Every structure is written in structure tokens, then in C-alpha cells.
Amino acid sequence: MKTLHPLLVVVFFASVMIDAPAHAGDGSCPWNHLPEPVRASAMEAGLAGGPGALSNKIPAADLSRAEKACGLKLDNGGALRRAESGYMLQILAEAWLQKNATLSPQRLGAAWAAMGADAKAPFLRWAITLESDPEGRNQAYGAFLKGLGDRAGSLPPDAKPKIVTYLQGRSLRSVFEPRF
């Protein structure tokens, strides 16, 4: 049985969302309004070089058009861009974790949902202040691993930074999507 490359699956499902109506509070909207070749190229660069590489592969004119299609205004630009960044961090981490740790986005989402408010608090504070809290980050990471259950013990040794990236992305979205 032939299987699809995980990146193609992520790009396909993201492209399906392109026809969804733009609405306030959706950090995925700008990504979904980028041309499919831009999304694919950005994701490939991000998987190879991290979030900065993903961002650098998105032409400014394409991103500007996507943001305008999603309701960018003078009074919501900061919130929209942070939510948009959160979505991009989230999907980049999801793609890496699916490919390298066989963790589906649904499994990651369930682990995030299982975290209590206290466990999420350090990352939610980070989303607002961008100040690092290593102890809080480690506690939140531990709570997320509990949410992964039996899969937590079989993660690749380099999974922690990708999980932290996922938690950062979800936190940015949680804080800033309600603000635009």
C-alpha cells in the first residue's frame, strides 16, 4: 500500500481550507489564503530550517494580500499577526512531529486540550510578554507529555523543541485570535 508523504497531507488539508470564508479570530486564515506553491515551499523550508526559514520563504506581497483578505486593519494588525504566527508555528511543529514522531495533529490537539489552565499559563504569559520562563516551560512540557499518554516515552530525542514550538503556536493563537 502506497502512503503519502506527511508534508503533502498537511499541505493538502491546508489547501482544502482555502475556500473557507475569512472571519475574525482565525489565525489560519492568512496561511490558507497564500498560494499553494508558496505554502508548500515555505513548509519544506521550515521543516529543513525552522520557523525563520518558513517565514523567509513567504513573499511579503503574498502575505500582505492574504492578511487583507482576512480582515487586516490598523486596529487589529498586532493581534492578527501574532495569531497568524502562532498558526504557522503550530502547523510547522505538527508536520515535524507527524513525520518524525508519528504524532497526528489530532493527538497533539488532544494533549493540548487535556492540559489544565495552570499548565498552559507559562506559555500563555510568554505569548503576551515573550519573556522566557524555563521552569514554567518545563512544567507545561511535562503536562503536555502526560496528555500524550503512552506515546510520550517513545518520542525522538530532538522532539522537545518541536513540542515547545507547538505549545508556543497554540498559546499565541489562544491569546490573540479573540482579539481580532
# chains A, B, ... in the order shown; residues from 1 in each chain; ligands from 1
>>> residues_around(residues="range 159-166 of chain A", least_positions_apart="5", cutoff="12 Å", atoms="only C-alpha atoms", output="PyMOL selection string")
chain A and resi 46-47+50-51+85-103+105+108-109+111-112+120+122-123+126-127+132+134+136-145+148+151-154+171-173
>>> residues_around(residues="range 174-176 of chain A", least_positions_apart="2", cutoff="7 Å", atoms="only C-alpha atoms", output="PyMOL selection string")
chain A and resi 79-80+82-83+124+127+170-172+178-179
>>> write_last_selection(atoms="N, CA, C and O atoms", output="short mmCIF file (atom, residue, chain, number, x, y, z; two decimals), in the first residue's frame")
data_model
loop_
_atom_site.label_atom_id
_atom_site.label_comp_id
_atom_site.auth_asym_id
_atom_site.auth_seq_id
_atom_site.Cartn_x
_atom_site.Cartn_y
_atom_site.Cartn_z
N ALA A 79 -2.65 41.82 16.73
CA ALA A 79 -3.29 40.57 17.14
C ALA A 79 -3.35 39.59 15.98
O ALA A 79 -3.05 38.39 16.15
N LEU A 80 -3.73 40.07 14.80
CA LEU A 80 -3.82 39.18 13.64
C LEU A 80 -2.45 38.56 13.34
O LEU A 80 -2.35 37.35 13.14
N ARG A 82 0.14 38.11 15.31
CA ARG A 82 0.58 37.14 16.33
C ARG A 82 -0.21 35.84 16.22
O ARG A 82 0.36 34.76 16.38
N ALA A 83 -1.50 35.93 15.97
CA ALA A 83 -2.30 34.71 15.78
C ALA A 83 -1.84 33.97 14.53
O ALA A 83 -1.72 32.73 14.53
N LEU A 124 1.00 30.89 27.92
CA LEU A 124 0.09 32.00 27.66
C LEU A 124 0.73 33.32 28.08
O LEU A 124 0.60 34.33 27.38
N ALA A 127 3.21 34.22 25.45
CA ALA A 127 2.57 34.76 24.25
C ALA A 127 2.34 36.27 24.37
O ALA A 127 2.42 36.99 23.38
N ARG A 170 0.17 27.30 19.75
CA ARG A 170 -1.18 27.20 20.31
C ARG A 170 -1.45 28.35 21.28
O ARG A 170 -2.56 28.89 21.33
N SER A 171 -0.44 28.74 22.05
CA SER A 171 -0.61 29.82 23.02
C SER A 171 -0.82 31.16 22.33
O SER A 171 -1.70 31.94 22.73
N LEU A 172 -0.04 31.45 21.28
CA LEU A 172 -0.25 32.69 20.54
C LEU A 172 -1.67 32.74 19.98
O LEU A 172 -2.34 33.78 20.05
N PRO A 178 -8.89 35.78 19.82
CA PRO A 178 -10.08 36.52 20.30
C PRO A 178 -9.96 38.03 20.18
O PRO A 178 -10.95 38.74 20.36
N ARG A 179 -8.77 38.53 19.85
CA ARG A 179 -8.56 39.97 19.82
C ARG A 179 -8.71 40.60 18.44
O ARG A 179 -8.45 41.78 18.27
#
>>> select_by_dssp(residues="chain A", states="helix (DSSP H, G or I)", output="ChimeraX atom specification")
/A:6-19,29-32,36-49,51-56,60-69,77-101,105-114,117-129,134-154,160-179
>>> closest_residue(among="A:Gly149, A:Gly78, A:Gly25, A:Pro30", to="Phe180 in chain A", atoms="only C-alpha atoms")
A:Gly25
>>> atom_distance(atom1="CA of Val38 in chain A", atom2="CA of Leu130 in chain A")
27.9 Å
>>> closest_residue(among="A:Lys73, A:Arg107, A:Arg39, A:Arg125", to="Lys57 in chain A", atoms="only C-alpha atoms")
A:Arg39
>>> closest_residue(among="A:Ser41, A:Gln106, A:Asn76, A:Asn32", to="Ser55 in chain A", atoms="only C-alpha atoms")
A:Ser41
